[in-house]
$ cat my_file_11.txt   # compact mmCIF, C-alpha atoms
# COMPACT_ATOMS: atom_id res chain seq x y z
CA MET A 17 22.68 46.62 61.20
CA THR A 18 24.07 44.94 58.07
CA ASP A 19 26.80 43.36 60.26
CA LEU A 20 24.11 42.33 62.79
CA SER A 21 22.05 40.68 60.05
CA SER A 22 25.13 38.79 58.84
CA LEU A 23 25.98 37.76 62.40
CA ARG A 24 22.41 36.52 62.86
CA GLU A 25 22.65 34.30 59.78
CA GLN A 26 26.05 32.93 60.83
CA THR A 27 24.94 32.23 64.39
CA LEU A 28 21.68 30.49 63.42
CA ALA A 29 23.46 28.50 60.72
CA ALA A 30 26.06 27.26 63.24
CA ILE A 31 23.32 26.31 65.70
CA ASN A 32 21.24 24.45 63.11
CA ALA A 33 24.33 22.69 61.74
CA ALA A 34 25.25 21.22 65.16
CA SER A 35 25.05 17.42 64.85
CA ASP A 36 25.29 16.58 68.55
CA GLU A 37 25.32 18.09 72.02
CA ALA A 38 29.07 18.77 71.88
CA ALA A 39 28.83 20.72 68.60
CA LEU A 40 25.82 22.62 69.91
CA GLU A 41 27.77 23.65 72.98
CA VAL A 42 30.57 24.98 70.75
CA ALA A 43 28.01 27.09 68.82
CA ARG A 44 26.54 28.41 72.09
CA VAL A 45 29.90 29.45 73.48
CA ALA A 46 30.85 31.10 70.14
CA ALA A 47 27.71 33.23 70.25
CA LEU A 48 26.71 33.69 73.89
CA GLY A 49 29.83 32.81 75.87
CA LYS A 50 31.81 35.47 77.75
CA LYS A 51 33.90 36.07 74.63
CA GLY A 52 31.14 35.17 72.15
CA THR A 53 30.20 37.37 69.20
CA ILE A 54 26.83 38.48 70.63
CA SER A 55 28.30 39.02 74.08
CA ALA A 56 31.02 41.16 72.45
CA LEU A 57 28.38 43.35 70.80
CA LEU A 58 26.58 43.82 74.11
CA ALA A 59 29.85 44.98 75.64
CA THR A 60 30.06 47.85 73.08
CA LEU A 61 26.79 49.41 74.26
CA GLY A 62 28.52 51.30 77.06
CA ALA A 63 30.52 53.41 74.60
CA MET A 64 27.45 54.48 72.61
CA SER A 65 25.29 57.57 72.99
CA PRO A 66 21.92 57.10 74.66
CA ASP A 67 20.04 57.16 71.36
CA GLU A 68 22.41 54.70 69.74
CA ARG A 69 22.35 52.47 72.83
CA ARG A 70 18.56 52.41 72.81
CA SER A 71 18.35 51.38 69.17
CA ALA A 72 21.33 48.98 69.03
CA GLY A 73 20.59 47.43 72.42
CA ALA A 74 17.10 46.39 71.38
CA ALA A 75 18.42 44.78 68.20
CA ILE A 76 21.32 42.98 69.93
CA ASN A 77 19.07 41.67 72.76
CA ALA A 78 16.56 40.48 70.19
CA LEU A 79 19.38 38.58 68.46
CA LYS A 80 20.49 37.17 71.80
CA GLU A 81 16.95 35.91 72.59
CA GLU A 82 16.60 34.47 69.08
CA ALA A 83 19.91 32.64 69.44
CA ALA A 84 18.92 31.27 72.87
CA HIS A 85 15.56 30.10 71.46
CA ALA A 86 17.30 28.46 68.50
CA LEU A 87 19.71 26.71 70.87
CA ALA A 88 16.82 25.33 72.94
CA GLU A 89 14.97 24.09 69.86
CA ARG A 90 18.11 22.47 68.43
CA ARG A 91 18.85 20.81 71.77
CA THR A 92 15.33 19.37 71.85
CA ALA A 93 15.68 18.16 68.28
CA LEU A 94 19.04 16.52 69.00
CA LYS A 95 17.57 14.69 72.01
CA ALA A 96 14.73 13.41 69.86
CA LEU A 97 17.17 12.22 67.20
CA ALA A 98 19.32 10.49 69.84
CA LEU A 99 16.27 8.74 71.32
CA GLU A 100 15.14 7.59 67.87
CA ALA A 101 18.61 6.22 67.11
CA ARG A 102 18.69 4.41 70.46
CA LEU A 103 15.27 2.88 69.89
CA LYS A 104 16.40 1.60 66.50
CA ARG A 105 19.63 0.28 67.98
CA GLU A 106 17.92 -1.48 70.91
CA ALA A 107 14.85 -2.69 69.07
CA LEU A 108 13.52 -6.13 70.08
CA ASP A 109 12.28 -8.66 67.58
CA MET A 110 9.01 -9.65 69.25
CA SER A 111 8.64 -12.59 66.86
CA LEU A 112 11.60 -14.37 68.50
CA PRO A 113 10.68 -17.10 71.03
CA LEU A 114 11.11 -16.20 74.69
CA ARG A 115 14.43 -17.32 76.10
CA ARG A 116 14.21 -19.74 79.03
CA ALA A 117 15.45 -18.35 82.30
CA ALA A 118 18.64 -20.00 83.56
CA ILE A 119 16.83 -21.35 86.61
CA ASP A 120 14.30 -23.06 84.31
CA ALA A 121 16.88 -24.37 81.85
CA GLY A 122 18.99 -26.24 84.43
CA ARG A 123 17.99 -29.73 85.53
CA ILE A 124 18.86 -32.07 88.39
CA HIS A 125 19.73 -35.58 87.16
CA PRO A 126 17.30 -38.28 88.40
CA ILE A 127 20.16 -40.03 90.21
CA SER A 128 21.01 -36.86 92.14
CA GLN A 129 17.32 -36.37 92.86
CA VAL A 130 16.98 -39.88 94.29
CA PHE A 131 20.15 -39.34 96.36
CA ASP A 132 18.43 -36.34 97.95
CA GLU A 133 15.20 -38.27 98.44
CA LEU A 134 17.03 -41.11 100.21
CA THR A 135 18.84 -38.64 102.43
CA ALA A 136 15.59 -36.90 103.39
CA ILE A 137 13.82 -40.17 104.21
CA PHE A 138 16.56 -41.82 106.27
CA ALA A 139 17.60 -38.60 108.00
CA ASP A 140 14.03 -38.39 109.27
CA MET A 141 14.52 -41.86 110.78
CA GLY A 142 17.74 -40.85 112.52
CA PHE A 143 20.32 -42.15 110.04
CA SER A 144 23.50 -40.29 109.16
CA ILE A 145 25.44 -40.45 105.88
CA ALA A 146 28.71 -42.42 105.69
CA GLU A 147 31.08 -42.28 102.71
CA GLY A 148 34.25 -44.03 101.60
CA PRO A 149 36.69 -44.23 98.67
CA ASP A 150 35.79 -45.78 95.32
CA ILE A 151 39.16 -47.57 95.21
CA GLU A 152 39.26 -50.19 97.96
CA SER A 153 41.43 -52.96 99.32
CA ASP A 154 40.58 -56.62 98.90
CA ASP A 155 40.45 -56.86 102.69
CA TYR A 156 37.69 -54.25 103.12
CA ASN A 157 35.76 -55.21 100.01
CA PHE A 158 35.80 -58.99 100.52
CA THR A 159 37.71 -60.50 103.44
CA LYS A 160 36.22 -58.53 106.34
CA LEU A 161 32.78 -59.07 104.79
CA ASN A 162 33.16 -62.85 105.09
CA PHE A 163 33.76 -63.59 101.39
CA PRO A 164 35.72 -66.86 101.36
CA PRO A 165 38.80 -67.37 99.14
CA GLY A 166 37.78 -68.45 95.65
CA HIS A 167 34.39 -66.71 95.81
CA PRO A 168 33.23 -65.82 92.25
CA ALA A 169 33.05 -62.11 93.11
CA ARG A 170 36.83 -62.16 93.58
CA GLU A 171 37.39 -63.17 89.96
CA MET A 172 38.45 -60.77 87.18
CA HIS A 173 35.24 -61.40 85.20
CA ASP A 174 33.19 -59.88 88.04
CA THR A 175 35.49 -57.22 89.52
CA PHE A 176 37.75 -54.45 88.24
CA PHE A 177 41.19 -55.13 89.77
CA PHE A 178 44.24 -52.89 89.48
CA ALA A 179 47.75 -54.19 88.87
CA PRO A 180 49.59 -55.29 92.05
CA ASP A 181 51.40 -52.51 93.89
CA ALA A 182 54.97 -52.65 95.29
CA ASN A 183 53.72 -54.82 98.18
CA GLY A 184 51.93 -57.21 95.86
CA GLU A 185 48.48 -55.98 96.93
CA ARG A 186 45.84 -55.55 94.24
CA LYS A 187 43.49 -52.62 94.79
CA LEU A 188 40.06 -52.75 93.15
CA LEU A 189 37.04 -50.62 92.31
CA ARG A 190 34.56 -51.42 95.06
CA THR A 191 31.81 -53.78 93.98
CA HIS A 192 29.38 -52.50 96.62
CA THR A 193 29.30 -49.79 99.29
CA SER A 194 29.67 -52.42 102.03
CA PRO A 195 33.34 -51.41 102.63
CA VAL A 196 31.90 -48.15 103.99
CA GLN A 197 30.06 -50.23 106.58
CA VAL A 198 33.37 -51.89 107.49
CA ARG A 199 35.11 -48.52 107.82
CA THR A 200 32.25 -47.22 109.97
CA MET A 201 32.35 -50.21 112.35
CA LEU A 202 36.13 -49.91 112.65
CA SER A 203 36.08 -46.19 113.39
CA GLU A 204 32.90 -45.71 115.44
CA LYS A 205 31.48 -47.31 118.55
CA PRO A 206 27.89 -48.62 118.60
CA PRO A 207 25.14 -47.63 118.44
CA ILE A 208 25.63 -47.13 114.69
CA ARG A 209 22.87 -45.99 112.37
CA VAL A 210 24.12 -45.01 108.87
CA ILE A 211 23.31 -45.23 105.19
CA CYS A 212 26.11 -45.55 102.65
CA PRO A 213 25.24 -44.19 99.18
CA GLY A 214 27.79 -44.03 96.38
CA ARG A 215 29.21 -45.33 93.11
CA THR A 216 30.04 -49.01 92.66
CA TYR A 217 31.64 -50.99 89.83
CA ARG A 218 31.19 -54.44 88.31
CA CYS A 219 32.00 -56.08 84.97
CA ASP A 220 28.44 -56.06 83.71
CA ALA A 221 26.63 -54.18 80.93
CA ASP A 222 23.13 -54.54 79.43
CA GLN A 223 19.76 -52.75 79.51
CA THR A 224 19.54 -52.94 83.31
CA HIS A 225 23.26 -53.11 84.22
CA THR A 226 26.22 -50.79 83.67
CA PRO A 227 29.89 -51.16 84.66
CA MET A 228 29.46 -48.18 87.00
CA PHE A 229 26.23 -47.82 88.96
CA HIS A 230 24.97 -46.39 92.23
CA GLN A 231 24.04 -48.21 95.40
CA VAL A 232 22.80 -47.35 98.86
CA GLU A 233 23.26 -49.61 101.86
CA GLY A 234 22.05 -49.22 105.41
CA LEU A 235 23.57 -50.44 108.65
CA VAL A 236 22.31 -50.52 112.22
CA ILE A 237 24.46 -51.91 115.04
CA ASP A 238 23.45 -51.95 118.70
CA LYS A 239 22.68 -54.44 121.45
CA SER A 240 19.03 -55.06 120.57
CA ALA A 241 18.58 -54.68 116.78
CA THR A 242 16.11 -57.23 115.38
CA LEU A 243 14.53 -58.30 112.10
CA ALA A 244 11.33 -56.60 113.28
CA ASN A 245 13.21 -53.29 113.38
CA LEU A 246 14.61 -53.97 109.91
CA LYS A 247 11.14 -54.73 108.53
CA TRP A 248 9.74 -51.48 109.95
CA VAL A 249 12.60 -49.39 108.51
CA LEU A 250 12.17 -50.91 105.04
CA GLU A 251 8.38 -50.52 105.07
CA GLU A 252 8.63 -46.87 106.12
CA PHE A 253 11.24 -46.26 103.45
CA CYS A 254 9.16 -47.83 100.67
CA LYS A 255 6.03 -45.89 101.67
CA ALA A 256 7.93 -42.60 101.76
CA PHE A 257 9.98 -43.18 98.62
CA PHE A 258 7.15 -44.40 96.38
CA GLU A 259 4.79 -41.92 98.07
CA VAL A 260 2.00 -44.40 98.82
CA PRO A 261 0.02 -44.75 102.06
CA LYS A 262 0.80 -48.46 102.44
CA VAL A 263 2.90 -51.11 100.77
CA GLY A 264 2.79 -54.88 100.97
CA MET A 265 6.15 -56.51 101.59
CA ARG A 266 7.37 -60.09 101.75
CA PHE A 267 10.73 -61.55 102.75
CA ARG A 268 12.23 -64.61 101.04
CA PRO A 269 15.20 -66.61 102.35
CA SER A 270 18.42 -66.00 100.44
CA PHE A 271 22.19 -66.08 100.95
CA PHE A 272 24.77 -63.31 101.29
CA PRO A 273 28.20 -63.94 102.84
CA PHE A 274 27.92 -60.90 105.11
CA THR A 275 24.46 -61.53 106.64
CA SER A 276 22.79 -64.41 108.44
CA PRO A 277 19.92 -64.93 108.06
CA SER A 278 19.76 -63.31 104.63
CA MET A 279 16.60 -62.29 102.76
CA GLU A 280 15.40 -60.90 99.47
CA VAL A 281 12.59 -58.34 99.76
CA ASP A 282 9.64 -58.12 97.35
CA ILE A 283 7.09 -55.32 97.39
CA GLN A 284 3.50 -55.39 96.26
CA CYS A 285 2.76 -53.84 92.85
CA ARG A 286 0.41 -53.77 89.89
CA ARG A 287 1.69 -53.99 86.30
CA THR A 288 -0.66 -52.37 83.81
CA GLY A 289 0.15 -51.09 80.32
CA GLY A 290 3.89 -51.01 80.87
CA GLU A 291 3.45 -49.07 84.13
CA ILE A 292 4.23 -50.31 87.63
CA ARG A 293 2.14 -49.00 90.53
CA PHE A 294 3.19 -49.78 94.08
CA GLY A 295 1.03 -50.36 97.13
CA GLU A 296 -1.72 -52.13 95.16
CA GLY A 297 -2.31 -55.15 92.95
CA GLU A 298 -1.37 -58.80 93.29
CA ASP A 299 2.09 -58.81 91.67
CA TRP A 300 5.42 -58.77 93.47
CA LEU A 301 8.71 -57.14 92.54
CA GLU A 302 12.11 -57.83 94.09
CA ILE A 303 13.66 -54.56 95.22
CA LEU A 304 16.53 -55.24 97.65
CA GLY A 305 18.49 -57.68 99.77
CA CYS A 306 18.93 -57.56 103.53
CA GLY A 307 19.64 -59.56 106.68
CA MET A 308 21.21 -59.62 110.12
CA VAL A 309 24.92 -58.77 110.10
CA HIS A 310 26.97 -61.99 110.16
CA ALA A 311 28.83 -62.68 113.40
CA ASN A 312 32.09 -63.08 111.44
CA VAL A 313 31.70 -59.56 110.02
CA LEU A 314 31.18 -58.14 113.51
CA SER A 315 34.29 -59.95 114.76
CA ASN A 316 36.36 -58.86 111.75
CA CYS A 317 35.41 -55.25 112.52
CA GLY A 318 36.35 -55.46 116.21
CA LEU A 319 32.84 -55.88 117.63
CA ASP A 320 31.88 -58.67 120.01
CA PRO A 321 28.99 -60.66 118.44
CA GLU A 322 28.01 -61.81 121.91
CA VAL A 323 27.28 -58.18 122.82
CA TYR A 324 26.30 -56.48 119.58
CA GLN A 325 24.06 -57.39 116.70
CA GLY A 326 22.71 -55.51 113.75
CA TYR A 327 20.97 -55.52 110.42
CA ALA A 328 21.91 -54.27 106.97
CA TRP A 329 20.36 -53.86 103.56
CA GLY A 330 21.35 -52.73 100.09
CA MET A 331 19.65 -51.64 96.89
CA GLY A 332 20.53 -50.08 93.54
CA ILE A 333 19.79 -46.35 93.39
CA ASP A 334 19.58 -46.47 89.59
CA ARG A 335 17.08 -49.35 89.82
CA ILE A 336 14.70 -47.67 92.25
CA ALA A 337 14.94 -44.46 90.21
CA MET A 338 13.88 -46.43 87.12
CA LEU A 339 10.98 -48.00 89.01
CA LYS A 340 9.69 -44.75 90.48
CA TYR A 341 10.07 -42.48 87.46
CA GLY A 342 9.43 -44.94 84.63
CA LEU A 343 12.89 -44.87 83.07
CA PRO A 344 13.11 -47.80 80.61
CA ASP A 345 16.87 -48.13 79.97
CA LEU A 346 19.65 -47.74 82.53
CA ARG A 347 22.15 -46.81 79.81
CA ASP A 348 20.29 -43.54 79.20
CA PHE A 349 21.46 -42.38 82.63
CA PHE A 350 25.01 -42.05 81.32
CA ASP A 351 24.50 -40.90 77.70
CA ALA A 352 24.68 -37.16 78.52
CA ASP A 353 21.75 -36.45 76.18
CA LEU A 354 20.39 -32.98 77.00
CA ARG A 355 16.99 -33.89 75.56
CA TRP A 356 16.75 -36.81 77.99
CA ILE A 357 17.81 -34.80 81.03
CA ASP A 358 15.44 -31.99 80.03
CA HIS A 359 12.56 -34.50 79.95
CA TYR A 360 13.37 -36.59 83.02
CA GLY A 361 15.34 -34.07 85.10
CA PHE A 362 14.09 -32.03 88.05
CA LYS A 363 14.07 -28.27 88.63
CA PRO A 364 17.07 -27.14 90.71
CA LEU A 365 15.07 -25.44 93.48
CA ASP A 366 12.56 -28.26 93.98
CA ALA A 367 14.44 -29.82 96.89
CA PRO A 368 12.73 -33.00 98.14
CA THR A 369 11.24 -32.86 101.62
CA LEU A 370 8.98 -35.26 103.47
CA ALA A 371 6.57 -32.43 104.28
CA GLY A 372 6.52 -30.83 100.83
CA GLY A 373 6.72 -33.98 98.74
CA LEU A 374 9.80 -35.82 97.57
CA SER A 375 9.20 -35.37 93.86
CA GLY A 376 7.18 -32.16 93.84

$ encode --input "my_file_11.txt" --output "structure tokens"
Amino acid sequence: MTDLSSLREQTLAAINAASDEAALEVARVAALGKKGTISALLATLGAMSPDERRSAGAAINALKEEAAHALAERRTALKALALEARLKREALDMSLPLRRAAIDAGRIHPISQVFDELTAIFADMGFSIAEGPDIESDDYNFTKLNFPPGHPAREMHDTFFFAPDANGERKLLRTHTSPVQVRTMLSEKPPIRVICPGRTYRCDADQTHTPMFHQVEGLVIDKSATLANLKWVLEEFCKAFFEVPKVGMRFRPSFFPFTSPSMEVDIQCRRTGGEIRFGEGEDWLEILGCGMVHANVLSNCGLDPEVYQGYAWGMGIDRIAMLKYGLPDLRDFFDADLRWIDHYGFKPLDAPTLAGGLSG
């Protein structure tokens, strides 16, 4: 019994000293495993007399139950200690501000937003999107569009020209997206109904001009296109884009080499407190230029002006974005200021639709 008492102390001490589940399992196997100390004592009962077996068996089984109970308690205690340590390790500082979700942190730039709005509006009217390269030839950018030799737009102070190539030709950064119209007329047969959005470049920089800016032009070519059709398209566009039920519009005679007759378009607005509201008031604001496609342009692009006619228009995407969303300085568009884009930008999933609202 003295040995049993010593074994009890050793076994319970080993169990209580276990610092984790692995150490506790070692103590269990040492005491209650097939070759454990308590299991070894139980194996000796068969060699004892009945009286000895009765007395020793009760004591050994009591030790076995006590060891099993101690193991269970220590296991429970170790789990509690592990949970407490995990809670301390993974504790959250509730005083910290909530982090913005990635979907809320991202923003669509106003220019990209207006691109999508234009696409939604004109796609609803049956227009497709046409694109072309930013680097163009003089022929597509000027000659085929009826710009005469010596026109000011062909000068270095207005246009970014590259050095002459091996053939002596000087490429340039397109000054408008009109070369896309040329490419479309050369590659497609009428009827043609496209808009041409994209980047354009001119030697100009101030509060409302930048050397690189964005423009969208429209082109319709068929056998019966008229100024009345053009007026309807522009009115429907302005109503949809500025999200007003009606808009007053007036056409003023102007001159562009690639259209005849040519017109500037003003829309009705009200200026109050630094804000411009469209579709009301007695003020007028110039917004775009347009006209019937010049017969020379049709001929230069392989179309018979006796058979086909068409209309075209063009406007600055940056400008109409400034007008609609109250952006005071065009240069802010290109400053890459995260505070600006966070204020004026749009949520990524708020895709503009005519049914759901262009600007949410």

$ closest_residue --input "my_file_11.txt" --among "A:Gly184, A:Pro321, A:Pro149, A:Gly361" --to "A:Arg123" --atoms "all atoms listed in the file"
A:Gly361

$ residues_around --input "my_file_11.txt" --residues "stretch 249-257 of chain A" --least-positions-apart "3" --cutoff "8 Å" --atoms "only C-alpha atoms" --output "list of chain:residue names"
A:Glu133, A:Leu134, A:Ile137, A:Phe138, A:Asn245, A:Leu246, A:Val260, A:Pro261, A:Lys262, A:Val263, A:Met265, A:Leu370, A:Leu374

$ residues_around --input "my_file_11.txt" --residues "stretch 345-352 of chain A" --least-positions-apart "4" --cutoff "9 Å" --atoms "all atoms listed in the file" --output "PDB file with C-alpha atoms, in the frame of the given file"
ATOM      1  CA  HIS A 125      19.730 -35.580  87.160  1.00  0.00           C
ATOM      2  CA  PRO A 126      17.300 -38.280  88.400  1.00  0.00           C
ATOM      3  CA  ILE A 127      20.160 -40.030  90.210  1.00  0.00           C
ATOM      4  CA  ALA A 221      26.630 -54.180  80.930  1.00  0.00           C
ATOM      5  CA  ASP A 222      23.130 -54.540  79.430  1.00  0.00           C
ATOM      6  CA  GLN A 223      19.760 -52.750  79.510  1.00  0.00           C
ATOM      7  CA  THR A 224      19.540 -52.940  83.310  1.00  0.00           C
ATOM      8  CA  HIS A 225      23.260 -53.110  84.220  1.00  0.00           C
ATOM      9  CA  THR A 226      26.220 -50.790  83.670  1.00  0.00           C
ATOM     10  CA  ASP A 334      19.580 -46.470  89.590  1.00  0.00           C
ATOM     11  CA  ARG A 335      17.080 -49.350  89.820  1.00  0.00           C
ATOM     12  CA  MET A 338      13.880 -46.430  87.120  1.00  0.00           C
ATOM     13  CA  TRP A 356      16.750 -36.810  77.990  1.00  0.00           C
ATOM     14  CA  ILE A 357      17.810 -34.800  81.030  1.00  0.00           C
TER      15      ILE A 357
END

$ atom_distance --input "my_file_11.txt" --atom1 "atom CA of A:Pro277" --atom2 "atom CA of A:Val309"
8.2 Å

$ residues_around --input "my_file_11.txt" --residues "A:Asn162" --least-positions-apart "6" --cutoff "7 Å" --atoms "only C-alpha atoms" --output "list in words"
Pro273, Phe274, Asn312 and Val313 of chain A

$ atom_distance --input "my_file_11.txt" --atom1 "atom CA of A:Ile54" --atom2 "atom CA of A:Leu79"
7.8 Å

$ atom_distance --input "my_file_11.txt" --atom1 "atom CA of A:Pro213" --atom2 "atom CA of A:Gln231"
5.6 Å

$ decode --input "my_file_11.txt" --residues "stretch 194-203 of chain A" --atoms "all heavy atoms" --output "JSON list (two decimals), in the first residue's frame"
[["chain", "number", "residue", "atom", "x", "y", "z"],
["A", 194, "SER", "N", -12.43, 62.57, -84.94],
["A", 194, "SER", "CA", -12.96, 62.51, -86.31],
["A", 194, "SER", "C", -12.25, 61.49, -87.21],
["A", 194, "SER", "O", -12.88, 60.92, -88.11],
["A", 194, "SER", "CB", -12.90, 63.89, -86.96],
["A", 194, "SER", "OG", -13.67, 64.82, -86.22],
["A", 195, "PRO", "N", -10.92, 61.22, -87.02],
["A", 195, "PRO", "CA", -10.31, 60.16, -87.83],
["A", 195, "PRO", "C", -11.00, 58.80, -87.67],
["A", 195, "PRO", "O", -10.97, 57.98, -88.59],
["A", 195, "PRO", "CB", -8.87, 60.11, -87.30],
["A", 195, "PRO", "CG", -8.61, 61.48, -86.78],
["A", 195, "PRO", "CD", -9.92, 61.93, -86.20],
["A", 196, "VAL", "N", -11.64, 58.59, -86.52],
["A", 196, "VAL", "CA", -12.40, 57.34, -86.34],
["A", 196, "VAL", "C", -13.60, 57.33, -87.29],
["A", 196, "VAL", "O", -13.97, 56.29, -87.84],
["A", 196, "VAL", "CB", -12.85, 57.18, -84.89],
["A", 196, "VAL", "CG1", -13.61, 55.86, -84.70],
["A", 196, "VAL", "CG2", -11.66, 57.24, -83.94],
["A", 197, "GLN", "N", -14.21, 58.49, -87.50],
["A", 197, "GLN", "CA", -15.29, 58.58, -88.48],
["A", 197, "GLN", "C", -14.78, 58.21, -89.87],
["A", 197, "GLN", "O", -15.43, 57.48, -90.63],
["A", 197, "GLN", "CB", -15.88, 59.98, -88.49],
["A", 197, "GLN", "CG", -16.53, 60.41, -87.19],
["A", 197, "GLN", "CD", -17.23, 61.75, -87.34],
["A", 197, "GLN", "OE1", -17.82, 62.06, -88.38],
["A", 197, "GLN", "NE2", -17.18, 62.57, -86.29],
["A", 198, "VAL", "N", -13.60, 58.74, -90.22],
["A", 198, "VAL", "CA", -13.00, 58.44, -91.52],
["A", 198, "VAL", "C", -12.78, 56.94, -91.66],
["A", 198, "VAL", "O", -13.14, 56.32, -92.68],
["A", 198, "VAL", "CB", -11.68, 59.20, -91.70],
["A", 198, "VAL", "CG1", -10.96, 58.74, -92.96],
["A", 198, "VAL", "CG2", -11.94, 60.71, -91.75],
["A", 199, "ARG", "N", -12.17, 56.33, -90.65],
["A", 199, "ARG", "CA", -11.89, 54.89, -90.69],
["A", 199, "ARG", "C", -13.19, 54.09, -90.82],
["A", 199, "ARG", "O", -13.25, 53.08, -91.52],
["A", 199, "ARG", "CB", -11.13, 54.47, -89.44],
["A", 199, "ARG", "CG", -9.70, 55.00, -89.38],
["A", 199, "ARG", "CD", -9.01, 54.66, -88.07],
["A", 199, "ARG", "NE", -7.62, 55.09, -88.06],
["A", 199, "ARG", "CZ", -6.61, 54.38, -88.53],
["A", 199, "ARG", "NH1", -6.85, 53.17, -89.03],
["A", 199, "ARG", "NH2", -5.38, 54.85, -88.49],
["A", 200, "THR", "N", -14.24, 54.55, -90.13],
["A", 200, "THR", "CA", -15.52, 53.84, -90.20],
["A", 200, "THR", "C", -16.11, 53.93, -91.60],
["A", 200, "THR", "O", -16.59, 52.93, -92.15],
["A", 200, "THR", "CB", -16.50, 54.43, -89.17],
["A", 200, "THR", "OG1", -15.93, 54.32, -87.86],
["A", 200, "THR", "CG2", -17.82, 53.68, -89.20],
["A", 201, "MET", "N", -16.09, 55.12, -92.21],
["A", 201, "MET", "CA", -16.66, 55.27, -93.56],
["A", 201, "MET", "C", -15.85, 54.50, -94.60],
["A", 201, "MET", "O", -16.41, 54.01, -95.59],
["A", 201, "MET", "CB", -16.73, 56.76, -93.93],
["A", 201, "MET", "CG", -17.83, 57.51, -93.21],
["A", 201, "MET", "SD", -18.04, 59.23, -93.75],
["A", 201, "MET", "CE", -16.69, 60.03, -92.88],
["A", 202, "LEU", "N", -14.54, 54.37, -94.37],
["A", 202, "LEU", "CA", -13.71, 53.61, -95.31],
["A", 202, "LEU", "C", -13.89, 52.11, -95.18],
["A", 202, "LEU", "O", -13.68, 51.37, -96.14],
["A", 202, "LEU", "CB", -12.24, 53.97, -95.10],
["A", 202, "LEU", "CG", -11.79, 55.36, -95.54],
["A", 202, "LEU", "CD1", -10.37, 55.65, -95.06],
["A", 202, "LEU", "CD2", -11.88, 55.51, -97.06],
["A", 203, "SER", "N", -14.28, 51.65, -94.00],
["A", 203, "SER", "CA", -14.33, 50.20, -93.76],
["A", 203, "SER", "C", -15.75, 49.63, -93.74],
["A", 203, "SER", "O", -15.92, 48.42, -93.84],
["A", 203, "SER", "CB", -13.65, 49.87, -92.43],
["A", 203, "SER", "OG", -14.30, 50.51, -91.35]]
